[in-house]
>>> print(open('run30.cif').read())   # mmCIF, C-alpha atoms
data_work
#
loop_
_atom_site.group_PDB
_atom_site.id
_atom_site.type_symbol
_atom_site.label_atom_id
_atom_site.label_comp_id
_atom_site.auth_asym_id
_atom_site.auth_seq_id
_atom_site.Cartn_x
_atom_site.Cartn_y
_atom_site.Cartn_z
ATOM 1 C CA MET A 756 27.385 -71.880 10.161
ATOM 2 C CA ASP A 757 26.059 -74.843 8.208
ATOM 3 C CA LYS A 758 26.111 -77.449 10.944
ATOM 4 C CA ARG A 759 23.078 -79.697 11.281
ATOM 5 C CA ILE A 760 21.484 -79.945 14.698
ATOM 6 C CA SER A 761 18.397 -81.669 16.123
ATOM 7 C CA VAL A 762 15.585 -79.959 18.026
ATOM 8 C CA TYR A 763 12.889 -81.804 19.955
ATOM 9 C CA ARG A 764 9.357 -81.080 21.124
ATOM 10 C CA LYS A 765 7.510 -83.281 23.624
ATOM 11 C CA GLU A 766 3.744 -83.495 23.819
ATOM 12 C CA HIS A 767 1.381 -85.980 25.463
ATOM 13 C CA PHE A 768 -2.099 -87.405 25.154
ATOM 14 C CA ASN A 769 -4.244 -89.864 27.109
ATOM 15 C CA ALA A 770 -6.232 -92.398 25.130
ATOM 16 C CA ALA A 771 -7.982 -95.766 25.215
ATOM 17 C CA HIS A 772 -7.327 -98.596 22.780
ATOM 18 C CA ARG A 773 -7.274 -102.342 22.334
ATOM 19 C CA LEU A 774 -5.225 -104.605 20.100
ATOM 20 C CA TYR A 775 -7.436 -106.826 18.006
ATOM 21 C CA ASN A 776 -7.236 -108.499 14.631
ATOM 22 C CA PRO A 777 -10.802 -108.855 13.289
ATOM 23 C CA ALA A 778 -9.692 -111.680 10.989
ATOM 24 C CA TRP A 779 -8.999 -113.819 14.075
ATOM 25 C CA ASP A 780 -11.385 -115.195 16.690
ATOM 26 C CA ASP A 781 -11.336 -113.949 20.292
ATOM 27 C CA ALA A 782 -9.278 -116.894 21.506
ATOM 28 C CA ARG A 783 -6.547 -116.262 18.941
ATOM 29 C CA ASN A 784 -6.564 -112.518 19.741
ATOM 30 C CA LEU A 785 -6.190 -113.283 23.435
ATOM 31 C CA GLU A 786 -3.366 -115.709 22.695
ATOM 32 C CA VAL A 787 -1.428 -113.174 20.607
ATOM 33 C CA PHE A 788 -2.292 -109.839 22.243
ATOM 34 C CA GLY A 789 -2.980 -111.029 25.803
ATOM 35 C CA LYS A 790 -4.541 -108.460 28.110
ATOM 36 C CA CYS A 791 -4.207 -105.818 25.380
ATOM 37 C CA SER A 792 -7.100 -107.489 23.533
ATOM 38 C CA TYR A 793 -9.621 -107.220 26.409
ATOM 39 C CA PRO A 794 -12.941 -106.164 24.824
ATOM 40 C CA ASN A 795 -13.698 -103.105 26.970
ATOM 41 C CA TYR A 796 -10.431 -101.316 26.110
ATOM 42 C CA HIS A 797 -7.634 -100.099 28.363
ATOM 43 C CA GLY A 798 -5.542 -96.972 28.044
ATOM 44 C CA HIS A 799 -2.268 -95.151 28.330
ATOM 45 C CA ASN A 800 -0.626 -91.818 28.930
ATOM 46 C CA TYR A 801 1.153 -91.536 25.604
ATOM 47 C CA GLU A 802 4.096 -89.210 25.165
ATOM 48 C CA ILE A 803 5.420 -88.167 21.783
ATOM 49 C CA VAL A 804 8.798 -86.680 21.012
ATOM 50 C CA VAL A 805 9.052 -84.943 17.650
ATOM 51 C CA LYS A 806 12.629 -84.541 16.433
ATOM 52 C CA LEU A 807 13.615 -82.188 13.598
ATOM 53 C CA THR A 808 17.123 -82.110 12.164
ATOM 54 C CA GLY A 809 18.518 -79.375 9.926
ATOM 55 C CA VAL A 810 20.720 -76.319 9.661
ATOM 56 C CA PRO A 811 19.610 -73.359 11.811
ATOM 57 C CA ASP A 812 18.142 -70.467 9.825
ATOM 58 C CA PRO A 813 20.872 -67.782 9.593
ATOM 59 C CA GLU A 814 18.454 -64.990 10.534
ATOM 60 C CA THR A 815 16.654 -66.577 13.508
ATOM 61 C CA GLY A 816 19.140 -69.215 14.665
ATOM 62 C CA PHE A 817 16.210 -71.679 14.727
ATOM 63 C CA VAL A 818 15.879 -75.039 12.976
ATOM 64 C CA MET A 819 12.186 -74.397 13.592
ATOM 65 C CA ASP A 820 10.462 -72.187 16.161
ATOM 66 C CA LEU A 821 9.614 -74.786 18.836
ATOM 67 C CA LYS A 822 6.528 -72.855 19.900
ATOM 68 C CA VAL A 823 5.243 -73.113 16.328
ATOM 69 C CA LEU A 824 6.134 -76.836 16.262
ATOM 70 C CA GLY A 825 4.360 -77.344 19.612
ATOM 71 C CA ASP A 826 1.223 -75.617 18.327
ATOM 72 C CA LEU A 827 1.340 -77.698 15.130
ATOM 73 C CA VAL A 828 1.645 -80.995 17.027
ATOM 74 C CA LYS A 829 -1.170 -79.977 19.399
ATOM 75 C CA LYS A 830 -3.488 -79.027 16.523
ATOM 76 C CA GLU A 831 -2.705 -81.885 14.144
ATOM 77 C CA VAL A 832 -2.061 -84.771 16.542
ATOM 78 C CA ILE A 833 -3.049 -84.095 20.159
ATOM 79 C CA ALA A 834 -6.456 -82.614 19.330
ATOM 80 C CA LYS A 835 -7.266 -85.770 17.341
ATOM 81 C CA PHE A 836 -6.020 -88.338 19.883
ATOM 82 C CA ASP A 837 -6.322 -86.848 23.383
ATOM 83 C CA HIS A 838 -9.067 -88.359 25.559
ATOM 84 C CA LYS A 839 -10.209 -90.442 22.615
ATOM 85 C CA ASN A 840 -10.640 -94.111 21.871
ATOM 86 C CA LEU A 841 -8.036 -94.719 19.173
ATOM 87 C CA ASN A 842 -9.999 -97.647 17.677
ATOM 88 C CA LEU A 843 -13.389 -95.930 17.630
ATOM 89 C CA ASP A 844 -12.896 -92.157 17.627
ATOM 90 C CA THR A 845 -10.129 -91.621 15.063
ATOM 91 C CA PRO A 846 -10.245 -92.400 11.332
ATOM 92 C CA TYR A 847 -6.728 -93.864 11.279
ATOM 93 C CA PHE A 848 -7.311 -97.191 13.008
ATOM 94 C CA LYS A 849 -10.531 -98.377 11.425
ATOM 95 C CA ASN A 850 -8.503 -100.995 9.550
ATOM 96 C CA LEU A 851 -5.175 -100.734 11.340
ATOM 97 C CA ASN A 852 -4.285 -102.185 14.720
ATOM 98 C CA PRO A 853 -3.392 -99.280 17.049
ATOM 99 C CA THR A 854 -0.091 -100.697 18.263
ATOM 100 C CA ALA A 855 2.575 -98.214 19.354
ATOM 101 C CA GLU A 856 4.307 -98.929 16.030
ATOM 102 C CA ASN A 857 1.261 -98.029 13.955
ATOM 103 C CA ILE A 858 0.372 -94.970 16.061
ATOM 104 C CA CYS A 859 3.933 -93.683 15.579
ATOM 105 C CA LEU A 860 3.756 -94.262 11.804
ATOM 106 C CA VAL A 861 0.396 -92.461 11.603
ATOM 107 C CA ILE A 862 1.762 -89.464 13.527
ATOM 108 C CA TYR A 863 4.767 -89.335 11.207
ATOM 109 C CA GLU A 864 2.509 -89.376 8.125
ATOM 110 C CA ILE A 865 0.335 -86.606 9.589
ATOM 111 C CA LEU A 866 3.305 -84.367 10.371
ATOM 112 C CA ARG A 867 5.641 -85.012 7.430
ATOM 113 C CA PRO A 868 3.780 -82.853 4.858
ATOM 114 C CA LEU A 869 3.510 -80.026 7.389
ATOM 115 C CA ILE A 870 7.229 -79.795 8.164
ATOM 116 C CA HIS A 871 9.675 -78.008 5.850
ATOM 117 C CA PRO A 872 11.084 -80.577 3.373
ATOM 118 C CA ASP A 873 14.670 -79.546 4.183
ATOM 119 C CA LEU A 874 14.211 -80.825 7.741
ATOM 120 C CA ASP A 875 14.489 -84.492 8.726
ATOM 121 C CA LEU A 876 11.604 -85.665 10.897
ATOM 122 C CA GLN A 877 11.692 -88.441 13.451
ATOM 123 C CA VAL A 878 8.869 -89.390 15.814
ATOM 124 C CA ARG A 879 9.300 -91.284 19.073
ATOM 125 C CA LEU A 880 6.185 -92.533 20.840
ATOM 126 C CA TYR A 881 6.096 -93.728 24.459
ATOM 127 C CA GLU A 882 3.153 -95.977 25.286
ATOM 128 C CA THR A 883 4.457 -96.471 28.821
ATOM 129 C CA GLU A 884 7.693 -95.340 30.456
ATOM 130 C CA ARG A 885 9.201 -98.669 29.462
ATOM 131 C CA ASN A 886 7.710 -99.245 26.001
ATOM 132 C CA PHE A 887 8.510 -96.860 23.185
ATOM 133 C CA VAL A 888 8.975 -96.882 19.427
ATOM 134 C CA GLU A 889 10.671 -94.614 16.915
ATOM 135 C CA TYR A 890 10.230 -93.905 13.187
ATOM 136 C CA PRO A 891 12.142 -93.689 10.886
ATOM 137 C CA ALA A 892 14.253 -96.489 12.379
ATOM 138 C CA MET B 1445 7.616 -95.721 63.352
ATOM 139 C CA VAL B 1446 8.873 -96.335 59.821
ATOM 140 C CA TYR B 1447 6.949 -95.923 56.559
ATOM 141 C CA LEU B 1448 7.489 -98.413 53.742
ATOM 142 C CA THR B 1449 6.253 -97.833 50.176
ATOM 143 C CA ARG B 1450 5.804 -100.211 47.265
ATOM 144 C CA LEU B 1451 5.202 -98.905 43.734
ATOM 145 C CA GLU B 1452 3.050 -100.883 41.300
ATOM 146 C CA HIS B 1453 1.431 -99.812 38.055
ATOM 147 C CA PHE B 1454 -1.491 -100.610 35.790
ATOM 148 C CA ASN B 1455 -2.945 -99.351 32.501
ATOM 149 C CA ALA B 1456 -6.680 -98.860 32.223
ATOM 150 C CA ALA B 1457 -9.523 -97.133 30.397
ATOM 151 C CA HIS B 1458 -12.220 -95.060 32.076
ATOM 152 C CA LYS B 1459 -14.514 -92.096 31.640
ATOM 153 C CA LEU B 1460 -16.005 -89.549 33.966
ATOM 154 C CA TYR B 1461 -19.721 -89.643 33.387
ATOM 155 C CA ASN B 1462 -22.645 -89.193 35.757
ATOM 156 C CA PRO B 1463 -25.532 -91.303 34.375
ATOM 157 C CA GLU B 1464 -28.086 -89.091 36.139
ATOM 158 C CA TRP B 1465 -27.032 -86.069 34.079
ATOM 159 C CA SER B 1466 -27.581 -85.240 30.427
ATOM 160 C CA ARG B 1467 -24.736 -85.660 27.988
ATOM 161 C CA GLU B 1468 -24.424 -81.865 27.772
ATOM 162 C CA GLN B 1469 -24.108 -81.507 31.532
ATOM 163 C CA ASN B 1470 -21.500 -84.277 31.663
ATOM 164 C CA GLU B 1471 -19.475 -82.546 28.974
ATOM 165 C CA ALA B 1472 -19.841 -79.200 30.734
ATOM 166 C CA VAL B 1473 -18.539 -80.629 34.036
ATOM 167 C CA PHE B 1474 -16.077 -83.309 32.927
ATOM 168 C CA GLY B 1475 -14.983 -81.955 29.530
ATOM 169 C CA VAL B 1476 -12.980 -84.368 27.397
ATOM 170 C CA CYS B 1477 -12.932 -86.889 30.280
ATOM 171 C CA ALA B 1478 -16.616 -87.583 29.535
ATOM 172 C CA ASN B 1479 -15.807 -88.906 26.038
ATOM 173 C CA GLU B 1480 -18.380 -91.625 25.398
ATOM 174 C CA ASN B 1481 -15.895 -94.183 24.061
ATOM 175 C CA TRP B 1482 -13.485 -93.900 27.002
ATOM 176 C CA HIS B 1483 -9.903 -92.733 27.281
ATOM 177 C CA GLY B 1484 -7.102 -94.170 29.368
ATOM 178 C CA HIS B 1485 -4.044 -93.770 31.521
ATOM 179 C CA ASN B 1486 -0.888 -95.389 32.830
ATOM 180 C CA PHE B 1487 -1.635 -95.362 36.555
ATOM 181 C CA ASP B 1488 1.159 -95.530 39.151
ATOM 182 C CA LEU B 1489 0.105 -96.843 42.553
ATOM 183 C CA TYR B 1490 2.169 -96.130 45.681
ATOM 184 C CA VAL B 1491 1.099 -98.186 48.694
ATOM 185 C CA THR B 1492 2.610 -97.041 52.006
ATOM 186 C CA VAL B 1493 2.438 -99.115 55.188
ATOM 187 C CA LYS B 1494 3.809 -98.147 58.599
ATOM 188 C CA GLY B 1495 5.086 -99.997 61.623
ATOM 189 C CA GLU B 1496 8.103 -100.823 63.771
ATOM 190 C CA PRO B 1497 10.795 -102.992 62.163
ATOM 191 C CA ASP B 1498 10.627 -106.573 63.410
ATOM 192 C CA LYS B 1499 13.593 -107.368 65.700
ATOM 193 C CA ASP B 1500 14.418 -110.606 63.872
ATOM 194 C CA THR B 1501 13.998 -109.501 60.233
ATOM 195 C CA GLY B 1502 14.423 -105.716 60.403
ATOM 196 C CA PHE B 1503 11.291 -105.490 58.220
ATOM 197 C CA ILE B 1504 7.965 -103.733 58.799
ATOM 198 C CA CYS B 1505 6.709 -106.371 56.405
ATOM 199 C CA ASP B 1506 8.316 -108.381 53.632
ATOM 200 C CA VAL B 1507 7.998 -106.029 50.670
ATOM 201 C CA LYS B 1508 7.807 -108.949 48.240
ATOM 202 C CA VAL B 1509 4.779 -110.205 50.143
ATOM 203 C CA LEU B 1510 3.282 -106.695 50.051
ATOM 204 C CA SER B 1511 3.885 -106.587 46.304
ATOM 205 C CA ARG B 1512 2.190 -109.965 45.819
ATOM 206 C CA ILE B 1513 -0.827 -108.813 47.841
ATOM 207 C CA ILE B 1514 -1.159 -105.602 45.782
ATOM 208 C CA ARG B 1515 -0.867 -107.522 42.518
ATOM 209 C CA GLU B 1516 -3.316 -110.205 43.580
ATOM 210 C CA HIS B 1517 -6.014 -107.932 45.000
ATOM 211 C CA ILE B 1518 -5.599 -104.750 42.952
ATOM 212 C CA ILE B 1519 -3.479 -105.031 39.798
ATOM 213 C CA GLU B 1520 -5.155 -108.253 38.628
ATOM 214 C CA LYS B 1521 -8.521 -106.483 38.836
ATOM 215 C CA LEU B 1522 -7.466 -103.205 37.217
ATOM 216 C CA ASP B 1523 -4.683 -103.816 34.714
ATOM 217 C CA HIS B 1524 -5.755 -103.542 31.063
ATOM 218 C CA LYS B 1525 -9.359 -103.199 32.223
ATOM 219 C CA ASN B 1526 -12.134 -100.696 31.801
ATOM 220 C CA LEU B 1527 -12.525 -99.200 35.284
ATOM 221 C CA ASN B 1528 -16.189 -98.307 34.740
ATOM 222 C CA LEU B 1529 -17.246 -101.690 33.340
ATOM 223 C CA ASP B 1530 -14.878 -104.395 34.562
ATOM 224 C CA VAL B 1531 -14.104 -103.627 38.225
ATOM 225 C CA ASP B 1532 -16.425 -105.011 40.916
ATOM 226 C CA PHE B 1533 -15.458 -102.514 43.624
ATOM 227 C CA MET B 1534 -16.076 -99.480 41.376
ATOM 228 C CA LYS B 1535 -19.590 -100.528 40.309
ATOM 229 C CA GLY B 1536 -22.070 -97.708 40.869
ATOM 230 C CA LYS B 1537 -19.349 -95.191 41.726
ATOM 231 C CA MET B 1538 -18.008 -92.243 39.790
ATOM 232 C CA CYS B 1539 -14.717 -93.408 38.314
ATOM 233 C CA SER B 1540 -12.548 -90.515 39.512
ATOM 234 C CA THR B 1541 -9.002 -91.001 40.737
ATOM 235 C CA GLU B 1542 -10.233 -89.956 44.202
ATOM 236 C CA ASN B 1543 -12.826 -92.743 44.328
ATOM 237 C CA LEU B 1544 -10.417 -95.269 42.834
ATOM 238 C CA ALA B 1545 -7.876 -94.520 45.606
ATOM 239 C CA ILE B 1546 -10.567 -95.009 48.281
ATOM 240 C CA GLY B 1547 -11.667 -98.251 46.596
ATOM 241 C CA ILE B 1548 -8.094 -99.546 46.514
ATOM 242 C CA TRP B 1549 -7.666 -98.690 50.214
ATOM 243 C CA ASN B 1550 -10.826 -100.626 51.132
ATOM 244 C CA GLU B 1551 -9.776 -103.640 49.055
ATOM 245 C CA LEU B 1552 -6.223 -103.762 50.416
ATOM 246 C CA LYS B 1553 -6.762 -103.005 54.096
ATOM 247 C CA PRO B 1554 -7.976 -106.494 55.133
ATOM 248 C CA HIS B 1555 -4.943 -108.099 53.471
ATOM 249 C CA ILE B 1556 -2.101 -106.053 54.980
ATOM 250 C CA PRO B 1557 0.258 -108.404 56.889
ATOM 251 C CA ALA B 1558 0.203 -108.392 60.708
ATOM 252 C CA GLY B 1559 2.660 -105.911 62.192
ATOM 253 C CA ALA B 1560 2.105 -103.370 59.428
ATOM 254 C CA GLU B 1561 -0.683 -100.838 59.089
ATOM 255 C CA LEU B 1562 -1.918 -99.303 55.853
ATOM 256 C CA HIS B 1563 -0.952 -95.618 55.860
ATOM 257 C CA CYS B 1564 -1.470 -94.139 52.405
ATOM 258 C CA ILE B 1565 -2.706 -94.896 48.920
ATOM 259 C CA LYS B 1566 -1.068 -92.490 46.479
ATOM 260 C CA LEU B 1567 -2.389 -92.859 42.962
ATOM 261 C CA TYR B 1568 -0.983 -91.094 39.905
ATOM 262 C CA GLU B 1569 -3.358 -90.790 36.960
ATOM 263 C CA THR B 1570 -0.771 -88.885 34.906
ATOM 264 C CA PRO B 1571 2.739 -87.722 35.846
ATOM 265 C CA ARG B 1572 1.104 -84.393 36.754
ATOM 266 C CA ILE B 1573 -2.044 -85.506 38.607
ATOM 267 C CA TYR B 1574 -2.213 -87.653 41.738
ATOM 268 C CA VAL B 1575 -4.364 -88.166 44.811
ATOM 269 C CA GLU B 1576 -3.518 -89.392 48.309
ATOM 270 C CA TYR B 1577 -5.864 -91.184 50.700
ATOM 271 C CA PHE B 1578 -5.056 -91.850 54.346
ATOM 272 C CA GLY B 1579 -8.282 -93.621 55.336
ATOM 273 C CA GLU B 1580 -9.625 -90.529 57.094
#
>>> encode(input="run30.cif", output="structure tokens")
Amino acid sequence: MDKRISVYRKEHFNAAHRLYNPAWDDARNLEVFGKCSYPNYHGHNYEIVVKLTGVPDPETGFVMDLKVLGDLVKKEVIAKFDHKNLNLDTPYFKNLNPTAENICLVIYEILRPLIHPDLDLQVRLYETERNFVEYPA
Amino acid sequence: MVYLTRLEHFNAAHKLYNPEWSREQNEAVFGVCANENWHGHNFDLYVTVKGEPDKDTGFICDVKVLSRIIREHIIEKLDHKNLNLDVDFMKGKMCSTENLAIGIWNELKPHIPAGAELHCIKLYETPRIYVEYFGE
């Protein structure tokens, strides 16, 4: 069997953030980012879906042990983001606006070196039930 | 008697932190929820009213009117806000989901249209955690 198949692991974290471009004044930030730029932060229940695509290992039948993937995502992503302020408490958004797009890209960059190079990685991030992003596109 | 529910939602930051306690005690009791720089949630708010359907309209109350009242008196005050810092009716209170549900009840009750009675505030903090308040 050499058929490629995708496996998925869902995890979640709750965090505060605000969207703000420090090169702009408050009025311009409010105009562009609306309520998302409010100074005292707001927050979301984020959900991430990590997708791996590859050929199942002939001995285990697994693309990757999903328990191992779950533990990896919890240790490398959730532990850094859960119940945190994404702007203030994580090193990733000191100079990067924590939009859903950028959070998704950061999670991809964290996970990519930790996943077997033969496997394709895709990350989907839900900021709300109705707003979600995916990388690679 | 019929029960009618409207679902609204808001996104907000908060923390669980008792200012009379030390930082260590707050962390011991509230764990990660005490994080100094806040965290946040997508809250889902279910407002249930009860009453007898009006004989002319068949409604307990016009649900669009109920929605407008919830948005005007609750969502406007909470959405994309910091619940500890920005919300007048939570000032001086612990910002738990329990207390937020009671606060929402107290804010909404005077504005419920005649013919309907406020029955329940059901507030989801996460898809797995919610509280219900019946005004008791």
>>> closest_residue(input="run30.cif", among="A:Pro811, A:Pro794, A:Pro853, A:Pro868", to="chain B", atoms="all atoms listed in the file")
A:Pro794
>>> residues_around(input="run30.cif", residues="Ile803 (chain A)", least_positions_apart="3", cutoff="9 Å", atoms="only C-alpha atoms", output="number ranges by chain")
A: 764-768, 859, 878-882
>>> interface_residues(input="run30.cif", of="chain A", to="chain B", cutoff="9 Å", atoms="all atoms listed in the file", output="ChimeraX atom specification")
/A:769-773,790-801,837-841,843-844,882-884
>>> closest_residue(input="run30.cif", among="B:Ile1513, B:Pro1557, B:Asp1500, B:Val1575", to="Ser1540 (chain B)", atoms="all atoms listed in the file")
B:Val1575
>>> residues_around(input="run30.cif", residues="region 776-782 of chain A", least_positions_apart="2", cutoff="10 Å", atoms="only C-alpha atoms", output="ChimeraX atom specification")
/A:773-774,784-789,792-794,850-852
>>> closest_residue(input="run30.cif", among="B:Asn1470, B:Tyr1461, B:Ile1573, B:Gly1502", to="Cys1539 (chain B)", atoms="only C-alpha atoms")
B:Tyr1461
>>> residues_near_point(input="run30.cif", point="(13.0, -73.2, 14.4)", cutoff="12 Å", atoms="all atoms listed in the file", output="PyMOL selection string")
chain A and resi 760-764+806-825+870-871+874
>>> atom_distance(input="run30.cif", atom1="CA of Gln1469 (chain B)", atom2="CA of Glu831 (chain A)")
27.6 Å
>>> resolve_selection(input="run30.cif", expression="the PyMOL selection byres ((chain B and resi 1559-1566) around 6)", output="NGL selection string")
:B and (1489-1495 or 1504 or 1557-1558 or 1567 or 1575-1578)
>>> write_last_selection(input="run30.cif", atoms="C-alpha atoms", output="PDB file, keeping the file's coordinate frame")
ATOM      1  CA  LEU B1489       0.105 -96.843  42.553  1.00  0.00           C
ATOM      2  CA  TYR B1490       2.169 -96.130  45.681  1.00  0.00           C
ATOM      3  CA  VAL B1491       1.099 -98.186  48.694  1.00  0.00           C
ATOM      4  CA  THR B1492       2.610 -97.041  52.006  1.00  0.00           C
ATOM      5  CA  VAL B1493       2.438 -99.115  55.188  1.00  0.00           C
ATOM      6  CA  LYS B1494       3.809 -98.147  58.599  1.00  0.00           C
ATOM      7  CA  GLY B1495       5.086 -99.997  61.623  1.00  0.00           C
ATOM      8  CA  ILE B1504       7.965-103.733  58.799  1.00  0.00           C
ATOM      9  CA  PRO B1557       0.258-108.404  56.889  1.00  0.00           C
ATOM     10  CA  ALA B1558       0.203-108.392  60.708  1.00  0.00           C
ATOM     11  CA  LEU B1567      -2.389 -92.859  42.962  1.00  0.00           C
ATOM     12  CA  VAL B1575      -4.364 -88.166  44.811  1.00  0.00           C
ATOM     13  CA  GLU B1576      -3.518 -89.392  48.309  1.00  0.00           C
ATOM     14  CA  TYR B1577      -5.864 -91.184  50.700  1.00  0.00           C
ATOM     15  CA  PHE B1578      -5.056 -91.850  54.346  1.00  0.00           C
TER      16      PHE B1578
END
>>> resolve_selection(input="run30.cif", expression="the PyMOL selection byres ((chain B and resi 1550-1554) around 9)", output="ChimeraX atom specification")
/B:1513-1514,1517-1518,1533,1545-1549,1555-1557,1561-1562,1579
>>> atom_distance(input="run30.cif", atom1="CA of Glu889 (chain A)", atom2="CA of Leu1451 (chain B)")
27.7 Å
>>> decode(input="run30.cif", residues="region 1505-1574 of chain B", atoms="C-alpha atoms", output="CSV table (one decimal), in the first residue's frame")
chain,number,residue,atom,x,y,z
B,1505,CYS,CA,-42.3,38.6,22.0
B,1506,ASP,CA,-40.8,39.7,18.6
B,1507,VAL,CA,-37.5,37.9,18.6
B,1508,LYS,CA,-35.9,40.6,16.5
B,1509,VAL,CA,-36.8,43.1,19.2
B,1510,LEU,CA,-35.4,40.7,21.8
B,1511,SER,CA,-32.2,40.5,19.7
B,1512,ARG,CA,-31.9,44.3,19.4
B,1513,ILE,CA,-32.4,44.6,23.2
B,1514,ILE,CA,-29.6,42.1,23.9
B,1515,ARG,CA,-27.3,43.7,21.5
B,1516,GLU,CA,-28.0,47.2,22.7
B,1517,HIS,CA,-27.7,46.5,26.5
B,1518,ILE,CA,-25.3,43.6,26.6
B,1519,ILE,CA,-23.3,42.9,23.4
B,1520,GLU,CA,-22.4,46.6,22.9
B,1521,LYS,CA,-20.9,46.6,26.4
B,1522,LEU,CA,-19.1,43.3,26.2
B,1523,ASP,CA,-18.0,42.6,22.7
B,1524,HIS,CA,-14.2,43.0,22.1
B,1525,LYS,CA,-13.9,44.4,25.6
B,1526,ASN,CA,-11.9,43.6,28.7
B,1527,LEU,CA,-14.5,42.3,31.1
B,1528,ASN,CA,-12.5,43.3,34.2
B,1529,LEU,CA,-11.6,46.8,33.0
B,1530,ASP,CA,-14.2,48.0,30.5
B,1531,VAL,CA,-17.6,46.9,31.8
B,1532,ASP,CA,-19.5,49.1,34.2
B,1533,PHE,CA,-21.7,46.4,35.7
B,1534,MET,CA,-18.8,44.1,36.5
B,1535,LYS,CA,-16.8,46.7,38.4
B,1536,GLY,CA,-15.7,45.4,41.8
B,1537,LYS,CA,-16.9,41.9,41.0
B,1538,MET,CA,-14.9,38.7,40.4
B,1539,CYS,CA,-15.1,38.2,36.6
B,1540,SER,CA,-16.3,34.6,36.6
B,1541,THR,CA,-18.8,33.3,34.2
B,1542,GLU,CA,-21.2,32.8,37.1
B,1543,ASN,CA,-21.0,36.5,38.0
B,1544,LEU,CA,-21.1,37.6,34.4
B,1545,ALA,CA,-24.4,35.6,33.9
B,1546,ILE,CA,-25.9,37.3,37.0
B,1547,GLY,CA,-24.8,40.7,35.8
B,1548,ILE,CA,-26.3,40.1,32.3
B,1549,TRP,CA,-29.6,39.0,34.0
B,1550,ASN,CA,-29.7,42.2,36.0
B,1551,GLU,CA,-29.0,44.4,33.0
B,1552,LEU,CA,-31.5,42.7,30.8
B,1553,LYS,CA,-34.5,42.2,33.1
B,1554,PRO,CA,-35.8,45.8,33.0
B,1555,HIS,CA,-35.8,45.8,29.2
B,1556,ILE,CA,-37.7,42.6,28.5
B,1557,PRO,CA,-40.8,43.5,26.4
B,1558,ALA,CA,-44.2,43.3,28.1
B,1559,GLY,CA,-45.9,39.9,27.9
B,1560,ALA,CA,-42.6,38.1,28.2
B,1561,GLU,CA,-40.7,37.2,31.3
B,1562,LEU,CA,-36.9,36.6,31.6
B,1563,HIS,CA,-36.4,32.9,32.4
B,1564,CYS,CA,-32.8,32.0,31.9
B,1565,ILE,CA,-29.4,33.3,31.0
B,1566,LYS,CA,-27.2,30.5,29.7
B,1567,LEU,CA,-23.6,31.6,29.1
B,1568,TYR,CA,-21.0,29.5,27.4
B,1569,GLU,CA,-17.4,30.5,28.1
B,1570,THR,CA,-16.0,27.6,26.0
B,1571,PRO,CA,-17.9,24.9,24.1
B,1572,ARG,CA,-17.3,22.7,27.2
B,1573,ILE,CA,-18.1,25.2,30.0
B,1574,TYR,CA,-21.4,27.0,30.6
